[in-house]
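> Have a peek at query.pdb (PDB, C-alpha atoms).
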```pdb
ATOM      1  CA  MET N   6      42.043  15.519 -39.307
ATOM      2  CA  LYS N   7      41.549  14.690 -35.633
ATOM      3  CA  ASP N   8      44.226  17.212 -34.646
ATOM      4  CA  GLU N   9      42.532  19.894 -36.750
ATOM      5  CA  TYR N  10      39.183  19.205 -35.076
ATOM      6  CA  THR N  11      40.782  19.313 -31.618
ATOM      7  CA  ALA N  12      42.425  22.650 -32.448
ATOM      8  CA  PHE N  13      39.097  23.956 -33.790
ATOM      9  CA  ILE N  14      37.252  23.009 -30.601
ATOM     10  CA  LYS N  15      40.026  24.448 -28.454
ATOM     11  CA  GLN N  16      39.801  27.749 -30.313
ATOM     12  CA  LYS N  17      36.057  27.926 -29.669
ATOM     13  CA  TRP N  18      36.461  27.283 -25.944
ATOM     14  CA  LEU N  19      39.227  29.885 -25.798
ATOM     15  CA  THR N  20      36.758  32.337 -27.331
ATOM     16  CA  ILE N  21      34.266  31.479 -24.577
ATOM     17  CA  ALA N  22      37.013  31.957 -21.974
ATOM     18  CA  ALA N  23      37.844  35.350 -23.498
ATOM     19  CA  LEU N  24      34.166  36.363 -23.301
ATOM     20  CA  LEU N  25      34.126  35.336 -19.639
ATOM     21  CA  ALA N  26      37.256  37.403 -18.958
ATOM     22  CA  ILE N  27      35.721  40.427 -20.718
ATOM     23  CA  MET N  28      32.510  40.070 -18.703
ATOM     24  CA  LEU N  29      34.463  39.910 -15.427
ATOM     25  CA  GLY N  30      36.528  42.936 -16.466
ATOM     26  CA  VAL N  31      33.430  44.969 -17.303
ATOM     27  CA  GLY N  32      31.883  43.882 -13.998
ATOM     28  CA  LEU N  33      34.966  45.054 -12.105
ATOM     29  CA  LEU N  34      34.847  48.383 -13.960
ATOM     30  CA  SER N  35      31.183  48.686 -12.995
ATOM     31  CA  LEU N  36      32.190  48.581  -9.335
ATOM     32  CA  SER N  37      34.217  51.760  -9.720
ATOM     33  CA  VAL N  38      31.882  54.034 -11.708
ATOM     34  CA  GLY N  39      28.879  56.017 -10.556
ATOM     35  CA  ALA N  40      28.071  59.093  -8.529
ATOM     36  CA  ALA N  41      30.915  58.124  -6.175
ATOM     37  CA  ARG N  42      34.042  57.120  -8.090
ATOM     38  CA  LEU N  43      36.027  54.404  -6.347
ATOM     39  CA  PRO N  44      39.634  53.647  -7.326
ATOM     40  CA  LEU N  45      40.602  50.035  -8.002
ATOM     41  CA  SER N  46      42.822  49.942  -4.915
ATOM     42  CA  GLU N  47      39.903  50.842  -2.641
ATOM     43  CA  ILE N  48      37.650  48.291  -4.341
ATOM     44  CA  LEU N  49      40.231  45.557  -3.764
ATOM     45  CA  GLN N  50      40.590  46.587  -0.121
ATOM     46  CA  VAL N  51      36.828  46.379   0.418
ATOM     47  CA  LEU N  52      36.560  43.018  -1.359
ATOM     48  CA  LEU N  53      39.374  41.663   0.827
ATOM     49  CA  GLY N  54      37.598  42.792   3.997
ATOM     50  CA  GLY N  55      39.187  46.220   4.501
ATOM     51  CA  GLY N  56      38.380  49.742   3.326
ATOM     52  CA  ASP N  57      36.242  52.400   4.974
ATOM     53  CA  SER N  58      32.578  51.997   5.909
ATOM     54  CA  ALA N  59      31.307  54.279   3.123
ATOM     55  CA  GLY N  60      33.123  52.211   0.484
ATOM     56  CA  ARG N  61      31.735  48.966   1.914
ATOM     57  CA  VAL N  62      28.175  50.311   1.882
ATOM     58  CA  ILE N  63      28.481  51.525  -1.724
ATOM     59  CA  ILE N  64      30.011  48.277  -2.990
ATOM     60  CA  PHE N  65      28.068  45.656  -1.026
ATOM     61  CA  ASN N  66      24.695  47.376  -0.697
ATOM     62  CA  VAL N  67      24.448  49.204  -4.022
ATOM     63  CA  ARG N  68      26.855  48.139  -6.733
ATOM     64  CA  ILE N  69      27.263  44.390  -6.267
ATOM     65  CA  PRO N  70      23.471  43.810  -6.198
ATOM     66  CA  ARG N  71      23.150  46.016  -9.288
ATOM     67  CA  ILE N  72      25.929  44.108 -11.080
ATOM     68  CA  ALA N  73      24.360  40.785 -10.110
ATOM     69  CA  THR N  74      21.007  41.982 -11.465
ATOM     70  CA  ALA N  75      22.502  43.200 -14.744
ATOM     71  CA  THR N  76      24.400  39.935 -15.183
ATOM     72  CA  SER N  77      21.365  37.747 -14.439
ATOM     73  CA  VAL N  78      19.010  39.752 -16.662
ATOM     74  CA  GLY N  79      21.511  39.845 -19.527
ATOM     75  CA  ILE N  80      22.043  36.084 -19.320
ATOM     76  CA  ALA N  81      18.302  35.375 -19.214
ATOM     77  CA  LEU N  82      17.370  37.577 -22.174
ATOM     78  CA  ALA N  83      20.329  36.498 -24.324
ATOM     79  CA  MET N  84      19.844  32.768 -23.729
ATOM     80  CA  ALA N  85      16.122  33.072 -24.405
ATOM     81  CA  GLY N  86      16.756  35.004 -27.625
ATOM     82  CA  CYS N  87      19.376  32.500 -28.764
ATOM     83  CA  ILE N  88      17.035  29.524 -28.352
ATOM     84  CA  MET N  89      13.950  31.294 -29.732
ATOM     85  CA  GLN N  90      15.874  32.190 -32.896
ATOM     86  CA  ASN N  91      16.792  28.524 -33.324
ATOM     87  CA  VAL N  92      13.479  26.770 -32.712
ATOM     88  CA  LEU N  93      11.448  29.392 -34.558
ATOM     89  CA  ARG N  94      13.963  29.519 -37.432
ATOM     90  CA  ASN N  95      13.829  33.306 -37.354
ATOM     91  CA  PRO N  96      16.790  35.613 -36.528
ATOM     92  CA  LEU N  97      14.385  38.294 -35.264
ATOM     93  CA  ALA N  98      12.882  36.135 -32.522
ATOM     94  CA  ALA N  99      13.319  37.500 -28.984
ATOM     95  CA  ALA N 100      11.228  38.433 -25.969
ATOM     96  CA  SER N 101      10.665  41.946 -27.330
ATOM     97  CA  THR N 102       9.586  40.817 -30.819
ATOM     98  CA  LEU N 103       7.314  37.972 -29.658
ATOM     99  CA  GLY N 104       5.199  40.194 -27.431
ATOM    100  CA  ILE N 105       6.550  38.923 -24.098
ATOM    101  CA  SER N 106       7.822  42.367 -23.097
ATOM    102  CA  GLN N 107       4.524  43.964 -24.141
ATOM    103  CA  GLY N 108       2.537  41.407 -22.154
ATOM    104  CA  ALA N 109       4.676  42.037 -19.082
ATOM    105  CA  SER N 110       4.178  45.798 -19.484
ATOM    106  CA  PHE N 111       0.418  45.319 -19.623
ATOM    107  CA  GLY N 112       0.468  43.167 -16.483
ATOM    108  CA  ALA N 113       2.563  45.748 -14.644
ATOM    109  CA  ALA N 114       0.258  48.569 -15.790
ATOM    110  CA  VAL N 115      -2.820  46.751 -14.469
ATOM    111  CA  ALA N 116      -1.110  46.104 -11.129
ATOM    112  CA  ILE N 117       0.100  49.710 -10.785
ATOM    113  CA  VAL N 118      -3.332  51.175 -11.500
ATOM    114  CA  TYR N 119      -5.426  48.772  -9.436
ATOM    115  CA  PHE N 120      -3.138  47.248  -6.767
ATOM    116  CA  GLU N 121       0.117  49.275  -6.322
ATOM    117  CA  ALA N 122       2.044  46.738  -4.155
ATOM    118  CA  MET N 123       5.516  45.992  -5.557
ATOM    119  CA  LEU N 124       5.139  42.206  -5.239
ATOM    120  CA  THR N 125       1.811  42.400  -7.062
ATOM    121  CA  ILE N 126       3.369  44.444  -9.877
ATOM    122  CA  THR N 127       6.126  41.865 -10.325
ATOM    123  CA  THR N 128       3.639  38.990 -10.247
ATOM    124  CA  PHE N 129       1.285  40.606 -12.770
ATOM    125  CA  ALA N 130       4.194  41.491 -15.061
ATOM    126  CA  PHE N 131       5.386  37.874 -14.952
ATOM    127  CA  LEU N 132       1.890  36.557 -15.654
ATOM    128  CA  GLY N 133       1.508  39.024 -18.518
ATOM    129  CA  GLY N 134       4.707  37.797 -20.148
ATOM    130  CA  ILE N 135       3.788  34.139 -19.668
ATOM    131  CA  SER N 136       0.236  34.626 -20.954
ATOM    132  CA  THR N 137       1.598  36.058 -24.198
ATOM    133  CA  THR N 138       3.470  32.861 -25.012
ATOM    134  CA  ILE N 139       0.528  30.692 -23.960
ATOM    135  CA  ILE N 140      -1.754  32.571 -26.352
ATOM    136  CA  ILE N 141       0.841  32.475 -29.146
ATOM    137  CA  LEU N 142       1.408  28.722 -28.773
ATOM    138  CA  LEU N 143      -2.331  27.966 -28.638
ATOM    139  CA  LEU N 144      -2.969  30.019 -31.780
ATOM    140  CA  SER N 145       0.054  28.672 -33.628
ATOM    141  CA  TYR N 146      -0.659  25.017 -32.829
ATOM    142  CA  ARG N 147      -4.245  25.488 -33.893
ATOM    143  CA  GLY N 148      -2.966  26.971 -37.142
ATOM    144  CA  GLY N 149      -0.149  24.508 -37.822
ATOM    145  CA  ALA N 150       2.661  25.526 -35.426
ATOM    146  CA  ASN N 151       5.115  26.670 -38.096
ATOM    147  CA  PRO N 152       7.708  29.349 -37.246
ATOM    148  CA  ALA N 153       6.127  32.015 -39.442
ATOM    149  CA  THR N 154       2.788  31.510 -37.670
ATOM    150  CA  ILE N 155       4.383  31.887 -34.254
ATOM    151  CA  ILE N 156       6.223  35.085 -35.221
ATOM    152  CA  LEU N 157       3.091  36.613 -36.745
ATOM    153  CA  ALA N 158       1.048  35.607 -33.705
ATOM    154  CA  GLY N 159       3.678  37.211 -31.467
ATOM    155  CA  VAL N 160       3.555  40.478 -33.396
ATOM    156  CA  ALA N 161      -0.242  40.536 -33.260
ATOM    157  CA  ILE N 162      -0.461  39.711 -29.545
ATOM    158  CA  GLY N 163       2.274  42.248 -28.770
ATOM    159  CA  ALA N 164       0.327  44.940 -30.615
ATOM    160  CA  MET N 165      -2.821  43.979 -28.734
ATOM    161  CA  PHE N 166      -1.089  44.249 -25.354
ATOM    162  CA  THR N 167       0.469  47.584 -26.339
ATOM    163  CA  GLY N 168      -2.998  48.917 -27.116
ATOM    164  CA  ALA N 169      -4.384  47.484 -23.877
ATOM    165  CA  THR N 170      -1.589  49.174 -21.901
ATOM    166  CA  ALA N 171      -2.436  52.491 -23.570
ATOM    167  CA  LEU N 172      -6.089  52.070 -22.553
ATOM    168  CA  VAL N 173      -5.100  51.354 -18.949
ATOM    169  CA  GLN N 174      -2.985  54.524 -18.962
ATOM    170  CA  TYR N 175      -5.848  56.533 -20.448
ATOM    171  CA  PHE N 176      -8.091  55.755 -17.480
ATOM    172  CA  ALA N 177      -5.332  56.224 -14.850
ATOM    173  CA  ASP N 178      -4.406  59.393 -12.981
ATOM    174  CA  ASP N 179      -1.173  61.291 -13.581
ATOM    175  CA  ILE N 180       0.711  59.667 -10.707
ATOM    176  CA  ARG N 181      -0.056  56.138 -11.872
ATOM    177  CA  ILE N 182       0.701  57.024 -15.483
ATOM    178  CA  GLY N 183       4.117  58.235 -14.314
ATOM    179  CA  SER N 184       4.630  54.973 -12.409
ATOM    180  CA  ILE N 185       3.763  52.908 -15.489
ATOM    181  CA  VAL N 186       6.150  54.889 -17.675
ATOM    182  CA  TYR N 187       8.890  54.639 -15.045
ATOM    183  CA  TRP N 188       8.410  50.862 -14.853
ATOM    184  CA  THR N 189       8.741  50.488 -18.623
ATOM    185  CA  PHE N 190      12.026  52.433 -18.559
ATOM    186  CA  GLY N 191      13.733  49.559 -16.726
ATOM    187  CA  ASN N 192      15.567  49.802 -13.417
ATOM    188  CA  LEU N 193      18.426  47.517 -12.379
ATOM    189  CA  GLY N 194      18.291  48.858  -8.828
ATOM    190  CA  ARG N 195      14.776  47.506  -8.254
ATOM    191  CA  PRO N 196      15.428  43.802  -7.379
ATOM    192  CA  GLY N 197      16.825  42.687  -4.021
ATOM    193  CA  TRP N 198      18.879  39.619  -3.259
ATOM    194  CA  ARG N 199      15.772  37.417  -3.032
ATOM    195  CA  GLU N 200      14.779  38.310  -6.588
ATOM    196  CA  ILE N 201      18.368  37.918  -7.802
ATOM    197  CA  ARG N 202      18.595  34.416  -6.308
ATOM    198  CA  PHE N 203      15.252  33.506  -7.859
ATOM    199  CA  LEU N 204      16.328  34.670 -11.316
ATOM    200  CA  THR N 205      19.709  32.936 -10.949
ATOM    201  CA  LEU N 206      17.989  29.607 -10.198
ATOM    202  CA  PHE N 207      15.793  30.050 -13.279
ATOM    203  CA  ASN N 208      18.885  30.841 -15.364
ATOM    204  CA  ILE N 209      20.739  27.753 -14.127
ATOM    205  CA  ALA N 210      17.749  25.496 -14.825
ATOM    206  CA  GLY N 211      17.272  27.073 -18.259
ATOM    207  CA  PHE N 212      20.952  26.781 -19.152
ATOM    208  CA  LEU N 213      21.035  23.097 -18.141
ATOM    209  CA  TYR N 214      18.007  22.310 -20.303
ATOM    210  CA  PHE N 215      19.350  24.266 -23.268
ATOM    211  CA  PHE N 216      22.861  22.823 -23.025
ATOM    212  CA  LEU N 217      21.601  19.240 -22.653
ATOM    213  CA  ASN N 218      19.724  19.774 -25.931
ATOM    214  CA  ARG N 219      22.648  21.437 -27.715
ATOM    215  CA  TRP N 220      22.908  18.653 -30.318
ATOM    216  CA  ASN N 221      19.174  18.874 -31.000
ATOM    217  CA  TYR N 222      19.535  22.615 -31.619
ATOM    218  CA  ASN N 223      22.459  21.906 -33.945
ATOM    219  CA  ALA N 224      20.224  19.502 -35.861
ATOM    220  CA  MET N 225      17.503  22.168 -36.029
ATOM    221  CA  GLU N 226      19.948  24.459 -37.844
ATOM    222  CA  SER N 227      19.562  22.197 -40.881
ATOM    223  CA  GLY N 228      15.774  22.436 -40.773
ATOM    224  CA  SER N 229      13.001  20.680 -38.919
ATOM    225  CA  HIS N 230      12.724  17.866 -41.483
ATOM    226  CA  THR N 231      16.405  17.058 -41.153
ATOM    227  CA  ALA N 232      16.142  17.214 -37.372
ATOM    228  CA  LYS N 233      13.209  14.773 -37.436
ATOM    229  CA  SER N 234      15.181  12.394 -39.651
ATOM    230  CA  LEU N 235      17.956  12.468 -37.034
ATOM    231  CA  GLY N 236      15.534  11.431 -34.296
ATOM    232  CA  VAL N 237      14.719  14.826 -32.776
ATOM    233  CA  ASN N 238      11.168  15.235 -31.483
ATOM    234  CA  VAL N 239      10.810  18.660 -33.043
ATOM    235  CA  ASP N 240       7.318  19.484 -31.733
ATOM    236  CA  VAL N 241       8.266  18.747 -28.116
ATOM    237  CA  LEU N 242      11.601  20.553 -28.478
ATOM    238  CA  VAL N 243       9.938  23.699 -29.839
ATOM    239  CA  LEU N 244       7.211  23.689 -27.198
ATOM    240  CA  VAL N 245       9.446  23.090 -24.167
ATOM    241  CA  SER N 246      12.174  25.425 -25.427
ATOM    242  CA  MET N 247       9.641  28.215 -25.910
ATOM    243  CA  VAL N 248       8.180  27.639 -22.438
ATOM    244  CA  VAL N 249      11.603  27.638 -20.747
ATOM    245  CA  SER N 250      12.763  30.680 -22.742
ATOM    246  CA  THR N 251       9.598  32.534 -21.806
ATOM    247  CA  LEU N 252       9.937  31.647 -18.130
ATOM    248  CA  ILE N 253      13.445  33.049 -17.789
ATOM    249  CA  SER N 254      12.856  36.129 -19.964
ATOM    250  CA  ALA N 255       9.482  36.963 -18.382
ATOM    251  CA  THR N 256      11.019  36.634 -14.913
ATOM    252  CA  ALA N 257      13.820  39.038 -15.835
ATOM    253  CA  ILE N 258      11.411  41.570 -17.345
ATOM    254  CA  ALA N 259       9.055  41.303 -14.376
ATOM    255  CA  PHE N 260      11.862  42.173 -11.958
ATOM    256  CA  VAL N 261      13.520  45.061 -13.819
ATOM    257  CA  GLY N 262      11.051  46.313 -16.440
ATOM    258  CA  THR N 263      11.266  46.383 -20.225
ATOM    259  CA  ILE N 264      14.775  45.785 -21.597
ATOM    260  CA  GLY N 265      15.028  45.859 -25.376
ATOM    261  CA  PHE N 266      17.410  44.323 -27.918
ATOM    262  CA  ILE N 267      19.646  42.319 -25.539
ATOM    263  CA  GLY N 268      18.047  39.018 -26.538
ATOM    264  CA  LEU N 269      18.177  40.046 -30.177
ATOM    265  CA  ILE N 270      21.731  41.293 -30.646
ATOM    266  CA  ALA N 271      23.778  39.210 -28.162
ATOM    267  CA  PRO N 272      23.383  35.882 -30.036
ATOM    268  CA  HIS N 273      24.120  37.560 -33.372
ATOM    269  CA  ILE N 274      27.337  39.088 -32.032
ATOM    270  CA  VAL N 275      28.512  35.740 -30.653
ATOM    271  CA  ARG N 276      27.717  33.952 -33.914
ATOM    272  CA  LYS N 277      30.366  36.065 -35.604
ATOM    273  CA  PHE N 278      32.983  34.443 -33.331
ATOM    274  CA  VAL N 279      31.784  30.881 -32.664
ATOM    275  CA  GLY N 280      29.381  30.175 -35.533
ATOM    276  CA  ASN N 281      26.103  28.266 -35.135
ATOM    277  CA  ASP N 282      27.394  25.415 -32.970
ATOM    278  CA  TYR N 283      25.166  25.495 -29.891
ATOM    279  CA  ARG N 284      27.836  23.892 -27.728
ATOM    280  CA  PHE N 285      29.491  27.298 -27.802
ATOM    281  CA  LEU N 286      26.659  29.586 -28.861
ATOM    282  CA  ILE N 287      24.556  28.989 -25.734
ATOM    283  CA  PRO N 288      27.258  29.857 -23.145
ATOM    284  CA  GLY N 289      28.674  32.533 -25.446
ATOM    285  CA  SER N 290      25.290  34.251 -25.801
ATOM    286  CA  ALA N 291      24.796  34.174 -22.023
ATOM    287  CA  LEU N 292      28.191  35.805 -21.439
ATOM    288  CA  MET N 293      27.657  38.372 -24.181
ATOM    289  CA  GLY N 294      24.221  39.267 -22.856
ATOM    290  CA  ALA N 295      25.672  39.844 -19.383
ATOM    291  CA  THR N 296      28.537  41.909 -20.810
ATOM    292  CA  VAL N 297      26.241  44.121 -22.910
ATOM    293  CA  MET N 298      23.945  44.697 -19.930
ATOM    294  CA  LEU N 299      26.879  45.602 -17.670
ATOM    295  CA  ALA N 300      28.319  47.959 -20.299
ATOM    296  CA  ALA N 301      24.915  49.621 -20.799
ATOM    297  CA  ASP N 302      24.569  50.036 -17.039
ATOM    298  CA  ILE N 303      27.974  51.714 -16.861
ATOM    299  CA  LEU N 304      26.946  54.150 -19.601
ATOM    300  CA  SER N 305      23.615  54.833 -17.885
ATOM    301  CA  ARG N 306      25.497  55.928 -14.741
ATOM    302  CA  LEU N 307      28.206  57.924 -16.526
ATOM    303  CA  ILE N 308      26.390  59.961 -19.197
ATOM    304  CA  ARG N 309      24.461  62.204 -16.804
ATOM    305  CA  ALA N 310      26.128  61.418 -13.469
ATOM    306  CA  PRO N 311      24.970  61.526 -10.718
ATOM    307  CA  ALA N 312      21.633  60.875 -12.481
ATOM    308  CA  VAL N 313      21.054  57.350 -13.805
ATOM    309  CA  LEU N 314      19.531  57.076 -17.273
ATOM    310  CA  PRO N 315      16.783  54.439 -17.831
ATOM    311  CA  ILE N 316      18.528  51.219 -18.799
ATOM    312  CA  GLY N 317      15.705  50.014 -21.076
ATOM    313  CA  ALA N 318      15.765  53.159 -23.173
ATOM    314  CA  LEU N 319      19.559  53.030 -23.402
ATOM    315  CA  THR N 320      19.722  49.385 -24.544
ATOM    316  CA  SER N 321      17.148  50.097 -27.253
ATOM    317  CA  PHE N 322      18.890  53.299 -28.355
ATOM    318  CA  LEU N 323      22.285  51.575 -28.602
ATOM    319  CA  GLY N 324      21.017  48.163 -29.691
ATOM    320  CA  ALA N 325      19.060  49.258 -32.764
ATOM    321  CA  PRO N 326      22.043  50.806 -34.628
ATOM    322  CA  LEU N 327      24.222  47.832 -33.681
ATOM    323  CA  PHE N 328      21.651  45.411 -35.027
ATOM    324  CA  LEU N 329      21.347  47.444 -38.239
ATOM    325  CA  TYR N 330      25.137  47.257 -38.580
ATOM    326  CA  LEU N 331      25.031  43.468 -38.224
ATOM    327  CA  ILE N 332      22.312  43.295 -40.898
ATOM    328  CA  ILE N 333      24.346  45.429 -43.314
ATOM    329  CA  LYS N 334      27.541  43.484 -42.536
ATOM    330  CA  ARG N 335      25.919  40.152 -43.290
ATOM    331  CA  GLY N 336      23.963  41.467 -46.253
ATOM    332  CA  LYS N 337      20.879  39.608 -45.061
ATOM    333  CA  LEU N 338      19.116  38.573 -41.870
TER     334      LEU N 338
END
```
Could I get this structure in the form of structure tokens?

Amino acid sequence: MKDEYTAFIKQKWLTIAALLAIMLGVGLLSLSVGAARLPLSEILQVLLGGGDSAGRVIIFNVRIPRIATATSVGIALAMAGCIMQNVLRNPLAAASTLGISQGASFGAAVAIVYFEAMLTITTFAFLGGISTTIIILLLSYRGGANPATIILAGVAIGAMFTGATALVQYFADDIRIGSIVYWTFGNLGRPGWREIRFLTLFNIAGFLYFFLNRWNYNAMESGSHTAKSLGVNVDVLVLVSMVVSTLISATAIAFVGTIGFIGLIAPHIVRKFVGNDYRFLIPGSALMGATVMLAADILSRLIRAPAVLPIGALTSFLGAPLFLYLIIKRGKL
């Protein structure tokens, strides 16, 4: 029995290693595609300190920052979605379904219309995403703090922020309306290294908290009453997990704009390979989120090259059919 369990655990970690290898392979492919196609040999030369100046500029100044952004954003949204789905006991929970994305869009719209500075836009978008969760948690705890209440509150607050964003656009001029729409499309080329480092630190802190509570999340899979009987402080776990998930997802959205479906589909894909054990599901979701974001970025640069399609629109367009397939495959949510 012990040997079988050891082999089972080894298989799961091999799956995680395979996901890491796939993510690195997609990242390497991302270095070569775009308006300027770079062969693998030239990429290796540049990475080893050689190559021509044009290749170095393209790789170090354009593509590596973009890959780092896609990886960080994918990890943030996927981890947040994975944990939200657990603590809220709802497979549809994610930043986009709880109103966090809509709140960030409203904050960005207000900043674009009334302030314009890029730092202000990012700050207002972050505050908009955070305020959504604060409102949801206040309403849900006042009404009993059950998962259904939180999801319904998220849908209602998201709808409210969507309407508020439309009102802000109605009173804006054409240039600012265009800026708001462009922001909501999503742009992986927007953040610089400072923003990437900031998001990476948030991701590391979030991952450490989530992984340290992996056994608590496993207990939550059997229901909150079972988790309480096993000694889990469910109320604190739900509250802190929601706050941490919101922080990392709102930061990602504030830096790059609205990105849909990554936090929703990445955990569901990984569950098909590692199950509901959060020892493997948390790192697996992070790697899958990064891989999906990198793959979507590659498609966004290839479909209409040299033009770059909006990454947010592409992830939603590709993510919705994939999620429908997962629903049909499972037969239920």
> Take the PyMOL selection byres ((chain N and resi 21) around 10), run it mentally on this structure, and tell me the resulting residues as an MDAnalysis selection string.
chainID N and resid 15:20 22:27 275 278:279 285:286 288:290 292:293
> Set the distance at 12 Å and use all atoms listed in the file: which residues neighbour Ala310 in chain N once local chain neighbours fewer than 5 positions away are removed? I'd like the list as a list of chain:residue names.
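Counting only the stated atoms, we get N:Val38, N:Gly39, N:Ala40, N:Ala41, N:Arg42, N:Ile303, N:Leu304, N:Ser305.
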> With C-alpha atoms retained, export the selected residues as a compact mmCIF listing (two decimals), keeping the file's coordinate frame.

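out_2.txt, freshly written:
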```
# COMPACT_ATOMS: atom_id res chain seq x y z
CA VAL N 38 31.88 54.03 -11.71
CA GLY N 39 28.88 56.02 -10.56
CA ALA N 40 28.07 59.09 -8.53
CA ALA N 41 30.92 58.12 -6.18
CA ARG N 42 34.04 57.12 -8.09
CA ILE N 303 27.97 51.71 -16.86
CA LEU N 304 26.95 54.15 -19.60
CA SER N 305 23.62 54.83 -17.89
```
> Excluding Val115 in chain N and residues on its chain fewer than 6 positions from it, collect all residues at most 8 Å away from it, counting all atoms listed in the file, and give them as number ranges by chain.
N: 129, 170, 173
> Once the PyMOL selection byres ((chain N and resi 132) around 10) has been evaluated on this model, what residues remain selected, and can you format them as a PyMOL selection string?
chain N and resi 105+108-109+111-113+126-131+133-137+252+255-256+259
> Leaving out Phe260 in chain N and any residue of its chain fewer than 6 positions from it, which residues lie within 8 Å of it when counting all atoms listed in the file, given as a list in words?
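My reading of the contact set: Thr127, Arg195, Pro196 and Glu200 of chain N.
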> Give me the residues within 9 Å of Phe216 in chain N as a ChimeraX atom specification, counting only C-alpha atoms and dropping any in the same chain fewer than 6 places off.
/N:283-284,287-288
> Tell me which of N:Met298, N:Val249, N:Leu43, N:Ala171 sits closest to Ala73 in chain N, counting all atoms listed in the file.
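Closest residue, counting all atoms listed in the file: N:Met298.
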> Quick check, in Å to one decimal: how far apart do CA of Gly268 in chain N and CA of Pro96 in chain N lie?
10.6 Å
> Counting all atoms listed in the file, what is within 10 Å of Val67 in chain N, bar same-chain residues fewer than 6 positions away, as a list in words?
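After dropping sequence-adjacent residues, the list is Leu36, Arg61 and Gly194 of chain N.
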> Identify which of the residues N:Gly60, N:Gly294, N:Gly317, N:Gly324 lies closest to Thr189 in chain N, counting only C-alpha atoms when measuring atom-to-atom distances.
N:Gly317
> Considering only C-alpha atoms, state which residue in the set N:Val186, N:Val237, N:Ile155, N:Ile274 is at the smallest distance from Asn95 in chain N.
N:Ile155
> What is the distance between CA of Trp188 in chain N and CA of Ala114 in chain N, in Å to one decimal?
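Result for CA of Trp188 in chain N versus CA of Ala114 in chain N: 8.5 Å, one decimal.
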> Please expand the PyMOL selection byres ((chain N and resi 223) around 12) into the concrete residues it hits in this file, giving the result as a PyMOL selection string.
chain N and resi 88+91-92+94+215-222+224-229+231-232+235+237+280-287
> Quote the spacing between CA of Leu242 in chain N and CA of Pro272 in chain N in Å to one decimal place.
19.4 Å
> Between N:Ala271, N:Val297, N:Val31, N:Ile308, which is the closest to Phe328 in chain N once you count all atoms listed in the file?
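Nearest to Phe328 in chain N: N:Ala271.
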> Name the closest residue to Gln107 in chain N among the candidates N:Thr205, N:Ser58, N:Thr138, N:Ser250; distances are taken between atoms, counting all atoms listed in the file.
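Among N:Thr205, N:Ser58, N:Thr138, N:Ser250, it is N:Thr138 that comes nearest to Gln107 in chain N.
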> Taking into account only C-alpha atoms, which residue in the set N:Pro70, N:Gly79, N:Pro315, N:Gly168 is nearest to Ala257 in chain N?
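Of the candidates, the smallest distance to Ala257 in chain N is held by N:Gly79.
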> Could N, CA and C atoms be built for range 314-325 of chain N and written out as a compact mmCIF listing (two decimals), in the coordinates of the input?

```txt
# COMPACT_ATOMS: atom_id res chain seq x y z
N LEU N 314 20.46 57.15 -16.15
CA LEU N 314 19.53 57.08 -17.27
C LEU N 314 18.78 55.75 -17.26
N PRO N 315 17.55 55.70 -17.79
CA PRO N 315 16.78 54.44 -17.83
C PRO N 315 17.47 53.40 -18.70
N ILE N 316 17.74 52.24 -18.12
CA ILE N 316 18.53 51.22 -18.80
C ILE N 316 17.80 50.66 -20.02
N GLY N 317 16.46 50.54 -19.94
CA GLY N 317 15.70 50.01 -21.08
C GLY N 317 15.78 50.91 -22.30
N ALA N 318 15.67 52.21 -22.07
CA ALA N 318 15.76 53.16 -23.17
C ALA N 318 17.16 53.15 -23.78
N LEU N 319 18.17 53.01 -22.92
CA LEU N 319 19.56 53.03 -23.40
C LEU N 319 19.88 51.79 -24.23
N THR N 320 19.44 50.61 -23.78
CA THR N 320 19.72 49.38 -24.54
C THR N 320 19.04 49.42 -25.91
N SER N 321 17.83 49.97 -25.97
CA SER N 321 17.15 50.10 -27.25
C SER N 321 17.84 51.11 -28.16
N PHE N 322 18.25 52.24 -27.58
CA PHE N 322 18.89 53.30 -28.36
C PHE N 322 20.22 52.82 -28.93
N LEU N 323 20.99 52.06 -28.15
CA LEU N 323 22.28 51.58 -28.60
C LEU N 323 22.15 50.28 -29.39
N GLY N 324 21.15 49.47 -29.05
CA GLY N 324 21.02 48.16 -29.69
C GLY N 324 20.52 48.23 -31.12
N ALA N 325 19.62 49.16 -31.42
CA ALA N 325 19.06 49.26 -32.76
C ALA N 325 20.13 49.56 -33.82
```
